[in-house]
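Engineer: Mind looking over this structure? Questions follow.
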Amino acid sequence: MEAKILSSGLAEKKWNECLEVIKDIVNAQKYSAWFEPIKPVKLEDSVLTIEVPSQFWYEWLEQHYYSILRSTIAKVIGEDGKIEYSVRMDSRENTYNGTPSVKLPQRSAPPQASASIPATPSYTSGSIRNPFIIPGIQKHRINSNLNSNYNFDRFIEGDCNKLARSAAMAIAESPGSNSFNPFFIYGGTGLGKTHLTQSIGNKIRQDFGDDKNIMYTTSDEFTNEFVHAIRNNRANEFSMLYRNIDVLIIDDIQFISGKEKTQEEFFHIFNALHQDGKQIILTSDRAPKDIKDIEDRLISRFNWGLTADLQMPDYETRYAILERKALDNGIEIDPQIFEFIATNFKSNIRDLEGAIIKLLAASSLQHIDNIDLPTAKRILKDMISDSKKQITIETIQTHVCDYFGIDTNKVREKTRKQEVVEARQIAMYLSKKLTKTSLKTIGLQFGGRDHSTVIHAITTVEDRLSTSTKHQQYLKDIEHKIELASL
């Protein structure tokens, strides 16, 4: 007994040394998924025995990490060091007769697992309910693949995403126990689909801990794993792995388009999860009805719960996103630069973040302590369309009326209300200053007025500018907005 305890303790010590080496070779997610669940059993005669949760686990390690394990064992135990796998086949109702083990020999070709591990293990009476379920799956956490940087605090809410964010919060508080199942989010590239769905997962993990198995994956990864499982006669284990998930998040589901076998497998997994009250969250770059080459029965299921779209963010939301990005990076940026970026980067959130990152990089590499607006324009010029938009009288009318909070049509009407007259005169003044339009044409654009009315308006504004700081500020602010919009 004492020798067995010493062997176990030495095995744990040597395996921990192996893990320190492996941790520096593989990325954190793969290390967490495939190596942390392994348990050292014993170390005898330079043979380290480790326990893995299933035969599938053993075969995966052999196929993907043989070289790493071989070199690590040689480094920690010595050139004569070997490794044996003890495949755990326990369950609450059954006990596997015997402990199969597989030696890791010096080899030139992958070993055939079936030569060392019985292909059809014998069980004691009371056979397992489903022989394809991955043994030990209930004891080891599924790697969620979540990025902790994606959370609700960093997701800026606006009119463009209000419904989707509100639903996401409700799902995070009560996954699977709501009418938003499945939750289908669609929208163009860079509008925050991944951020929002992973925020749900991180919130659930924070609130429910190990009570919920969460998995985030992409449709491409799902397909590749399924193909690998078929190739290795492990399709049933693949299916059971996904059926043990409480919150399944699949990004870019549109990419299973045309993949018939993948669609069929996902159809059955979807049904099993939905029937068990598990939460399903899907994203796509288009609405379910617009996804081509996907079975109607899947499209129908995508519409069972809530479908919400993410639209392009409005100016205020873009500005708030920029502020958040700067705050996250611990930097101060002139509000005029925020305004410049928010005005010129309208398509998606990634472009906004890319602009901030480029400014940060330029500041660091070029040793610029304070980036002003002209410098920002120079740094970002290649990210903005080279062609400068032509300033039109309509553009000027829109900005002037927005500034004073009046309807654009008012400046074209006959009304003599003071606030409308003032806005009309300023718009006429800027039309003459910022365009090459004749006085006659300007008058026609303001409700068919003659050129003398335009001259009077220009003279009135010039007089006010010479005496009134308030009007100087009016013109400065409006011209600035027009300039930004024209870049």
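Residues are referred to by chain and number: the chain letter is A, B, ... according to the order shown in the structure tokens, the number counts from 1 in that chain, and ligands are numbered separately from 1 in the order shown.
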Would you pick out the contacts of Ala74 of chain A at 12 Å or less, using only C-alpha atoms, so that residues sharing its chain but fewer than 4 positions from it are not included, and give the list as an NGL selection string?

Structural biologist: :A and (14 or 17-18 or 21 or 46-48 or 67-70 or 78-83 or 104-106)

Engineer: How would the residues just picked look written out with N, CA and C atoms as a tab-separated table (two decimals), in the first residue's frame?

Structural biologist:
```tsv
chain	number	residue	atom	x	y	z
A	14	LYS	N	5.58	14.16	-11.41
A	14	LYS	CA	6.14	14.14	-12.77
A	14	LYS	C	5.12	14.65	-13.80
A	17	GLU	N	5.06	18.32	-13.84
A	17	GLU	CA	6.21	18.84	-14.58
A	17	GLU	C	5.96	18.76	-16.08
A	18	CYS	N	5.32	17.68	-16.51
A	18	CYS	CA	4.96	17.56	-17.92
A	18	CYS	C	3.99	18.66	-18.34
A	21	VAL	N	5.56	21.95	-19.13
A	21	VAL	CA	6.17	21.99	-20.46
A	21	VAL	C	5.10	22.14	-21.54
A	46	SER	N	9.83	3.79	-15.06
A	46	SER	CA	9.86	4.83	-16.11
A	46	SER	C	8.62	4.83	-16.99
A	47	VAL	N	7.55	4.16	-16.53
A	47	VAL	CA	6.29	4.17	-17.27
A	47	VAL	C	5.27	4.98	-16.47
A	48	LEU	N	4.85	6.12	-17.03
A	48	LEU	CA	3.86	6.98	-16.38
A	48	LEU	C	2.48	6.62	-16.90
A	67	SER	N	3.50	13.68	-30.68
A	67	SER	CA	4.87	14.19	-30.67
A	67	SER	C	5.15	15.02	-29.43
A	68	ILE	N	4.19	15.84	-29.05
A	68	ILE	CA	4.37	16.69	-27.87
A	68	ILE	C	4.50	15.83	-26.62
A	69	LEU	N	3.61	14.85	-26.49
A	69	LEU	CA	3.66	13.98	-25.31
A	69	LEU	C	4.96	13.18	-25.28
A	70	ARG	N	5.37	12.66	-26.44
A	70	ARG	CA	6.58	11.83	-26.49
A	70	ARG	C	7.80	12.64	-26.07
A	78	GLY	N	13.00	10.89	-18.91
A	78	GLY	CA	14.22	10.35	-19.51
A	78	GLY	C	13.92	9.68	-20.82
A	79	GLU	N	14.97	9.39	-21.58
A	79	GLU	CA	14.79	8.80	-22.91
A	79	GLU	C	14.08	7.45	-22.85
A	80	ASP	N	14.21	6.75	-21.72
A	80	ASP	CA	13.53	5.46	-21.58
A	80	ASP	C	12.08	5.61	-21.11
A	81	GLY	N	11.66	6.83	-20.88
A	81	GLY	CA	10.33	7.07	-20.35
A	81	GLY	C	9.24	6.68	-21.33
A	82	LYS	N	8.19	6.13	-20.81
A	82	LYS	CA	7.03	5.74	-21.63
A	82	LYS	C	5.76	6.22	-20.93
A	83	ILE	N	4.68	6.24	-21.69
A	83	ILE	CA	3.41	6.66	-21.13
A	83	ILE	C	2.34	5.63	-21.45
A	104	LEU	N	2.76	3.99	-25.10
A	104	LEU	CA	3.18	4.93	-26.14
A	104	LEU	C	4.58	4.53	-26.55
A	105	PRO	N	4.73	3.71	-27.56
A	105	PRO	CA	6.04	3.20	-27.94
A	105	PRO	C	6.77	4.18	-28.87
A	106	GLN	N	8.04	3.89	-29.13
A	106	GLN	CA	8.73	4.60	-30.20
A	106	GLN	C	8.14	4.07	-31.50
```

Engineer: Near Lys289 of chain A, counting only C-alpha atoms, which residues have an atom at most 10 Å away, once you skip same-chain residues fewer than 6 positions from it, shown as a list in words?

Structural biologist: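 Listing them by chain and then by number gives Asp296, Ile299, Ser300, Phe302 and Asn303 of chain A.
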
Engineer: Just want the 9 Å neighbourhood of Arg301 of chain A, counted on only C-alpha atoms, with same-chain residues fewer than 2 positions away dropped. Output as a count of residues only.

Structural biologist: 11

Engineer: Between A:Thr72, A:Asn145, A:Glu419, A:Val247, which one has atoms that come closest to Ala28 of chain A, using only C-alpha atoms?

Structural biologist: A:Asn145

Engineer: Work out how far atom CA of Gly188 of chain A is from atom CA of Leu248 of chain A, in Å to one decimal.

Structural biologist: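 A separation of 21.6 Å between them.
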
Engineer: Using only C-alpha atoms, which protein or nucleic acid residues come within 12 Å of Ala235 of chain A? Drop anything in the same chain fewer than 5 positions from it, and give the result as an NGL selection string.

Structural biologist: :A and (56 or 132-134 or 223-230 or 240-242 or 261-262 or 265-266 or 269)

Engineer: Need to verify the contact set: segment 195-203 of chain A, 6 Å, only C-alpha atoms, exclusion of same-chain residues closer than 6 positions in sequence. Can you return it as a compact mmCIF listing (two decimals) with C-alpha atoms, in the first residue's frame?

Structural biologist:
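Written file, selection16.txt:
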```txt
# COMPACT_ATOMS: atom_id res chain seq x y z
CA TYR A 150 -16.96 40.18 -24.53
CA ASN A 151 -19.46 41.28 -21.91
CA PHE A 152 -22.59 43.39 -21.63
CA ALA A 172 -28.63 35.32 -19.78
```

Engineer: Of the residues A:Thr217, A:Asn344, A:Thr395, A:Thr460, which is the one nearest to Met383 of chain A, using only C-alpha atoms?

Structural biologist: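 When distances to Met383 of chain A are compared using only C-alpha atoms, the smallest one comes from A:Asn344.
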
Engineer: Using only C-alpha atoms, which of the listed residues (A:Gln206, A:Gln472, A:Thr317, A:Gln418) sits closest to Asn161 of chain A?

Structural biologist: A:Thr317

Engineer: So how many Å separate atom CA of Thr283 of chain A and atom CA of Lys30 of chain A, to one decimal?

Structural biologist: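 Those two atoms sit 24.2 Å apart.
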
Engineer: Hey, what's within 12 Å of His451 of chain A if we count only C-alpha atoms and toss same-chain stuff fewer than 4 positions away? As number ranges by chain, please?

Structural biologist: A: 428, 432, 437-447, 455-458

Engineer: Show which residues sit within 10 Å of Leu434 of chain A, as an MDAnalysis selection string. Count only C-alpha atoms, and ignore same-chain residues fewer than 4 positions away.

Structural biologist: chainID A and resid 390:393 396 429:430 479 482:483

Engineer: Selection from above, C-alpha atoms, as an mmCIF file, in the first residue's frame, can you write it?

Structural biologist:
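again_39.cif, written as the output of this step:
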```
data_model
loop_
_atom_site.group_PDB
_atom_site.id
_atom_site.type_symbol
_atom_site.label_atom_id
_atom_site.label_comp_id
_atom_site.auth_asym_id
_atom_site.auth_seq_id
_atom_site.Cartn_x
_atom_site.Cartn_y
_atom_site.Cartn_z
ATOM 1 C CA GLN A 390 -19.412 67.500 -53.003
ATOM 2 C CA ILE A 391 -21.126 69.953 -50.707
ATOM 3 C CA THR A 392 -24.615 70.733 -51.952
ATOM 4 C CA ILE A 393 -27.210 73.290 -50.940
ATOM 5 C CA ILE A 396 -26.191 72.734 -46.053
ATOM 6 C CA TYR A 429 -24.755 82.554 -46.491
ATOM 7 C CA LEU A 430 -23.081 79.112 -46.269
ATOM 8 C CA GLU A 479 -19.306 74.580 -40.887
ATOM 9 C CA ILE A 482 -20.545 70.090 -42.935
ATOM 10 C CA GLU A 483 -16.775 69.679 -43.372
#
```

Engineer: Determine which residues of segment 268-419 of chain A receive a DSSP assignment of strand (DSSP E or B), computed from the backbone, and state them as a ChimeraX atom specification.

Structural biologist: /A:279-284,306-310

Engineer: Export, as a PDB file, in the first residue's frame, the selected residues with all heavy atoms.

Structural biologist:
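After the write, selection-v2.pdb holds the following:
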```pdb
ATOM      1  N   GLN A 279     -30.742  26.072 -24.030  1.00  0.00           N
ATOM      2  CA  GLN A 279     -30.760  27.318 -24.787  1.00  0.00           C
ATOM      3  C   GLN A 279     -29.923  27.201 -26.052  1.00  0.00           C
ATOM      4  O   GLN A 279     -28.766  26.751 -26.011  1.00  0.00           O
ATOM      5  CB  GLN A 279     -30.240  28.476 -23.941  1.00  0.00           C
ATOM      6  CG  GLN A 279     -30.268  29.822 -24.637  1.00  0.00           C
ATOM      7  CD  GLN A 279     -31.692  30.317 -24.878  1.00  0.00           C
ATOM      8  OE1 GLN A 279     -32.494  30.364 -23.967  1.00  0.00           O
ATOM      9  NE2 GLN A 279     -31.984  30.682 -26.119  1.00  0.00           N
ATOM     10  N   ILE A 280     -30.480  27.631 -27.175  1.00  0.00           N
ATOM     11  CA  ILE A 280     -29.783  27.626 -28.465  1.00  0.00           C
ATOM     12  C   ILE A 280     -29.693  29.066 -28.960  1.00  0.00           C
ATOM     13  O   ILE A 280     -30.699  29.783 -28.997  1.00  0.00           O
ATOM     14  CB  ILE A 280     -30.514  26.763 -29.503  1.00  0.00           C
ATOM     15  CG1 ILE A 280     -30.686  25.329 -28.981  1.00  0.00           C
ATOM     16  CG2 ILE A 280     -29.768  26.761 -30.832  1.00  0.00           C
ATOM     17  CD1 ILE A 280     -31.668  24.508 -29.789  1.00  0.00           C
ATOM     18  N   ILE A 281     -28.496  29.494 -29.335  1.00  0.00           N
ATOM     19  CA  ILE A 281     -28.267  30.858 -29.816  1.00  0.00           C
ATOM     20  C   ILE A 281     -27.507  30.765 -31.141  1.00  0.00           C
ATOM     21  O   ILE A 281     -26.462  30.120 -31.219  1.00  0.00           O
ATOM     22  CB  ILE A 281     -27.461  31.690 -28.801  1.00  0.00           C
ATOM     23  CG1 ILE A 281     -28.191  31.737 -27.453  1.00  0.00           C
ATOM     24  CG2 ILE A 281     -27.203  33.090 -29.330  1.00  0.00           C
ATOM     25  CD1 ILE A 281     -27.346  32.280 -26.321  1.00  0.00           C
ATOM     26  N   LEU A 282     -28.036  31.398 -32.180  1.00  0.00           N
ATOM     27  CA  LEU A 282     -27.454  31.310 -33.513  1.00  0.00           C
ATOM     28  C   LEU A 282     -27.254  32.704 -34.087  1.00  0.00           C
ATOM     29  O   LEU A 282     -28.041  33.615 -33.807  1.00  0.00           O
ATOM     30  CB  LEU A 282     -28.358  30.502 -34.446  1.00  0.00           C
ATOM     31  CG  LEU A 282     -28.797  29.111 -33.963  1.00  0.00           C
ATOM     32  CD1 LEU A 282     -29.889  28.566 -34.879  1.00  0.00           C
ATOM     33  CD2 LEU A 282     -27.624  28.167 -33.888  1.00  0.00           C
ATOM     34  N   THR A 283     -26.207  32.866 -34.900  1.00  0.00           N
ATOM     35  CA  THR A 283     -26.026  34.131 -35.612  1.00  0.00           C
ATOM     36  C   THR A 283     -25.863  33.856 -37.099  1.00  0.00           C
ATOM     37  O   THR A 283     -25.467  32.771 -37.516  1.00  0.00           O
ATOM     38  CB  THR A 283     -24.793  34.915 -35.125  1.00  0.00           C
ATOM     39  OG1 THR A 283     -23.604  34.346 -35.694  1.00  0.00           O
ATOM     40  CG2 THR A 283     -24.696  34.927 -33.614  1.00  0.00           C
ATOM     41  N   SER A 284     -26.172  34.871 -37.877  1.00  0.00           N
ATOM     42  CA  SER A 284     -26.044  34.767 -39.329  1.00  0.00           C
ATOM     43  C   SER A 284     -25.873  36.166 -39.899  1.00  0.00           C
ATOM     44  O   SER A 284     -26.178  37.159 -39.233  1.00  0.00           O
ATOM     45  CB  SER A 284     -27.282  34.092 -39.929  1.00  0.00           C
ATOM     46  OG  SER A 284     -27.248  34.140 -41.348  1.00  0.00           O
ATOM     47  N   LEU A 306     -37.039  33.814 -31.068  1.00  0.00           N
ATOM     48  CA  LEU A 306     -36.972  35.245 -31.407  1.00  0.00           C
ATOM     49  C   LEU A 306     -35.890  35.470 -32.445  1.00  0.00           C
ATOM     50  O   LEU A 306     -34.763  34.992 -32.306  1.00  0.00           O
ATOM     51  CB  LEU A 306     -36.667  36.079 -30.164  1.00  0.00           C
ATOM     52  CG  LEU A 306     -36.446  37.580 -30.418  1.00  0.00           C
ATOM     53  CD1 LEU A 306     -37.742  38.243 -30.882  1.00  0.00           C
ATOM     54  CD2 LEU A 306     -35.906  38.275 -29.173  1.00  0.00           C
ATOM     55  N   THR A 307     -36.236  36.201 -33.485  1.00  0.00           N
ATOM     56  CA  THR A 307     -35.267  36.629 -34.493  1.00  0.00           C
ATOM     57  C   THR A 307     -35.087  38.135 -34.369  1.00  0.00           C
ATOM     58  O   THR A 307     -36.061  38.882 -34.403  1.00  0.00           O
ATOM     59  CB  THR A 307     -35.759  36.277 -35.914  1.00  0.00           C
ATOM     60  OG1 THR A 307     -35.912  34.857 -36.016  1.00  0.00           O
ATOM     61  CG2 THR A 307     -34.771  36.747 -36.955  1.00  0.00           C
ATOM     62  N   ALA A 308     -33.842  38.569 -34.199  1.00  0.00           N
ATOM     63  CA  ALA A 308     -33.556  40.002 -34.023  1.00  0.00           C
ATOM     64  C   ALA A 308     -32.399  40.398 -34.932  1.00  0.00           C
ATOM     65  O   ALA A 308     -31.440  39.634 -35.089  1.00  0.00           O
ATOM     66  CB  ALA A 308     -33.214  40.309 -32.571  1.00  0.00           C
ATOM     67  N   ASP A 309     -32.501  41.566 -35.537  1.00  0.00           N
ATOM     68  CA  ASP A 309     -31.424  42.019 -36.415  1.00  0.00           C
ATOM     69  C   ASP A 309     -30.614  43.124 -35.757  1.00  0.00           C
ATOM     70  O   ASP A 309     -31.107  43.886 -34.913  1.00  0.00           O
ATOM     71  CB  ASP A 309     -31.990  42.501 -37.750  1.00  0.00           C
ATOM     72  CG  ASP A 309     -32.822  43.764 -37.621  1.00  0.00           C
ATOM     73  OD1 ASP A 309     -33.531  43.888 -36.597  1.00  0.00           O
ATOM     74  OD2 ASP A 309     -32.788  44.614 -38.522  1.00  0.00           O
ATOM     75  N   LEU A 310     -29.354  43.179 -36.133  1.00  0.00           N
ATOM     76  CA  LEU A 310     -28.464  44.265 -35.723  1.00  0.00           C
ATOM     77  C   LEU A 310     -28.250  45.160 -36.934  1.00  0.00           C
ATOM     78  O   LEU A 310     -27.828  44.682 -37.994  1.00  0.00           O
ATOM     79  CB  LEU A 310     -27.119  43.717 -35.233  1.00  0.00           C
ATOM     80  CG  LEU A 310     -27.154  42.836 -33.981  1.00  0.00           C
ATOM     81  CD1 LEU A 310     -25.736  42.389 -33.613  1.00  0.00           C
ATOM     82  CD2 LEU A 310     -27.786  43.562 -32.816  1.00  0.00           C
TER      83      LEU A 310
END
```
